[in-house]
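Participant: So that we are looking at the same thing, I have put the structure below in structure tokens.
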Amino acid sequence: MVRRSGRRPGNQDTKQSILEAARTIFAERGFDKASIRAIAGDAGVDPALVHHYFGTKEKLFLAAMNSPVDPAELVPRALDGPREEAGVRLVRLVLSVWDSPAGAAAVALMRSAMSNEWTARLMREFVVTQVLRRAVAELGIDEKEAPARAALVATQIAGLAVVRYVLKVEPVASADPDQLVAAVGPAVQRYLTDELPGVF
């Protein structure tokens, strides 16, 4: 059966179809290999309609992830300042988002990713392409080192998120954000900019 292209009746149904197609294709192909054309084809709509509703591929991805924040706006702002304090600022950014009302959606997504491979793929794509890739680009990290450094940063950020918000292990679960920034920030900084023997 050939799918009909063009606008479907009912804007909400059309948007929902696009989002469902986007989640499937982003999970299957990853952010970089997914295309607006492929997502539109899967949803049975014209690619122009996807752009009309969501704008860029990045914006569509954020909508598909139900992301409460836009890393394209937050990451550069967080990393604006002395390079040797980038780790501290990045941890502060993460905690400020997760401790805010918007953090509930992030916690739900994290829980789902821990038990569902499909959601885990989406979460991995989000963390790698929307947060870590932006962070290493902002800091001008060598592209050969960037994947390893970004993955090591993820161990700290994801570990902190799981312990504080999902498992709620004390005293981290109820610790003052400034204490956690002071404790975890230097480890993130090391992974971002220090020499890492044995990794490269």
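Within each chain, counting starts at residue 1; across the structure tokens, chains are named A, B, ... in the order shown, with ligands numbered 1 upward in that order.
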Would you kindly return, as a PDB file with C-alpha atoms, in the first residue's frame, each protein, DNA or RNA residue with an atom no farther than 12 Å from any atom of Asp13 in chain A, considering only C-alpha atoms and excluding same-chain residues fewer than 6 positions away?

Facilitator:
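Output saved as result.pdb:
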ATOM      1  CA  ARG A   7      -1.121  17.362   4.659  1.00  0.00           C
ATOM      2  CA  LEU A  19       6.942  12.720  16.146  1.00  0.00           C
ATOM      3  CA  GLU A  20       6.365   8.962  16.151  1.00  0.00           C
ATOM      4  CA  ALA A  43       4.977   9.759   8.580  1.00  0.00           C
ATOM      5  CA  GLY A  44       3.328   9.991   5.144  1.00  0.00           C
ATOM      6  CA  VAL A  45       3.705  13.759   4.856  1.00  0.00           C
TER       7      VAL A  45
END

Participant: Could you name the residues that touch Arg37 in chain A at 9 Å or less, counting only C-alpha atoms, but leaving out those on the same chain fewer than 2 positions away, as a PDB file with N, CA and C atoms, in the first residue's frame?

Facilitator:
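File written: result_11.pdb
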ATOM      1  N   ALA A  34      19.808  10.256  10.366  1.00  0.00           N
ATOM      2  CA  ALA A  34      18.373  10.487  10.156  1.00  0.00           C
ATOM      3  C   ALA A  34      18.201  11.727   9.277  1.00  0.00           C
ATOM      4  N   SER A  35      17.180  11.717   8.432  1.00  0.00           N
ATOM      5  CA  SER A  35      16.924  12.882   7.577  1.00  0.00           C
ATOM      6  C   SER A  35      15.460  13.286   7.681  1.00  0.00           C
ATOM      7  N   ILE A  39      12.039  10.892   7.628  1.00  0.00           N
ATOM      8  CA  ILE A  39      11.023  11.007   8.677  1.00  0.00           C
ATOM      9  C   ILE A  39       9.675  11.371   8.059  1.00  0.00           C
ATOM     10  N   ALA A  40       9.683  12.314   7.126  1.00  0.00           N
ATOM     11  CA  ALA A  40       8.450  12.701   6.437  1.00  0.00           C
ATOM     12  C   ALA A  40       7.856  11.516   5.689  1.00  0.00           C
ATOM     13  N   GLY A  41       8.704  10.750   5.004  1.00  0.00           N
ATOM     14  CA  GLY A  41       8.224   9.585   4.264  1.00  0.00           C
ATOM     15  C   GLY A  41       7.581   8.570   5.183  1.00  0.00           C
ATOM     16  N   ASP A  42       8.206   8.341   6.339  1.00  0.00           N
ATOM     17  CA  ASP A  42       7.665   7.384   7.305  1.00  0.00           C
ATOM     18  C   ASP A  42       6.337   7.866   7.883  1.00  0.00           C
ATOM     19  N   ASP A  46       4.606  15.522   3.503  1.00  0.00           N
ATOM     20  CA  ASP A  46       5.614  16.218   2.723  1.00  0.00           C
ATOM     21  C   ASP A  46       6.697  16.750   3.668  1.00  0.00           C
ATOM     22  N   PRO A  47       7.986  16.686   3.274  1.00  0.00           N
ATOM     23  CA  PRO A  47       9.052  17.215   4.131  1.00  0.00           C
ATOM     24  C   PRO A  47       8.837  18.673   4.533  1.00  0.00           C
ATOM     25  N   ALA A  48       8.212  19.453   3.663  1.00  0.00           N
ATOM     26  CA  ALA A  48       7.962  20.863   3.983  1.00  0.00           C
ATOM     27  C   ALA A  48       7.069  20.991   5.216  1.00  0.00           C
ATOM     28  N   VAL A  50       7.075  18.945   7.793  1.00  0.00           N
ATOM     29  CA  VAL A  50       7.913  18.699   8.964  1.00  0.00           C
ATOM     30  C   VAL A  50       8.634  19.992   9.345  1.00  0.00           C
TER      31      VAL A  50
END

Participant: Which polymer residues have any atom within 12 Å of an atom of range 153-161 of chain A, counting only C-alpha atoms, with same-chain residues fewer than 6 positions away left out, as an MDAnalysis selection string?

Facilitator: chainID A and resid 86:88 90:99 103:104 106:111 113:114 123:124 126:129 131:133 135:136 146:147 167:173 175 177 180:181 183:193

Participant: Between A:Ala102, A:Gln130, A:Ile36, A:Gly198, which has the minimum distance to Thr56 in chain A (counting only C-alpha atoms)?

Facilitator: A:Ile36

Participant: What does the distance from CA of Ala78 in chain A to CA of Glu138 in chain A come to in Å, to one decimal?

Facilitator: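 A separation of 9.9 Å between them.
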
Participant: Once DSSP has gone over the backbone, tell me which residues of range 160-195 of chain A are in alpha helix (DSSP H), as a VMD selection string.

Facilitator: chain A and resid 160 to 161 177 to 193

Participant: Mind dumping the selected residues with C-alpha atoms as a PDB file, in the first residue's frame?

Facilitator:
ATOM      1  CA  LEU A 160      25.548  11.837  39.108  1.00  0.00           C
ATOM      2  CA  ALA A 161      22.064  11.958  37.572  1.00  0.00           C
ATOM      3  CA  PRO A 177      24.009  21.704  44.482  1.00  0.00           C
ATOM      4  CA  ASP A 178      27.062  23.838  45.253  1.00  0.00           C
ATOM      5  CA  GLN A 179      28.601  20.945  47.210  1.00  0.00           C
ATOM      6  CA  LEU A 180      28.104  18.602  44.268  1.00  0.00           C
ATOM      7  CA  VAL A 181      29.494  21.153  41.824  1.00  0.00           C
ATOM      8  CA  ALA A 182      32.611  21.476  43.986  1.00  0.00           C
ATOM      9  CA  ALA A 183      32.997  17.694  44.271  1.00  0.00           C
ATOM     10  CA  VAL A 184      32.184  16.559  40.727  1.00  0.00           C
ATOM     11  CA  GLY A 185      33.230  19.600  38.677  1.00  0.00           C
ATOM     12  CA  PRO A 186      37.001  18.949  38.953  1.00  0.00           C
ATOM     13  CA  ALA A 187      36.552  15.345  37.739  1.00  0.00           C
ATOM     14  CA  VAL A 188      34.613  16.595  34.704  1.00  0.00           C
ATOM     15  CA  GLN A 189      37.289  19.233  34.124  1.00  0.00           C
ATOM     16  CA  ARG A 190      39.988  16.560  34.146  1.00  0.00           C
ATOM     17  CA  TYR A 191      38.160  14.604  31.449  1.00  0.00           C
ATOM     18  CA  LEU A 192      37.648  17.734  29.395  1.00  0.00           C
ATOM     19  CA  THR A 193      41.105  19.249  29.383  1.00  0.00           C
TER      20      THR A 193
END

Participant: With distances taken over only C-alpha atoms, which residue among A:Thr14, A:Met65, A:His52, A:Lys57 lies nearest Trp118 in chain A?

Facilitator: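 Closest residue, counting only C-alpha atoms: A:Met65.
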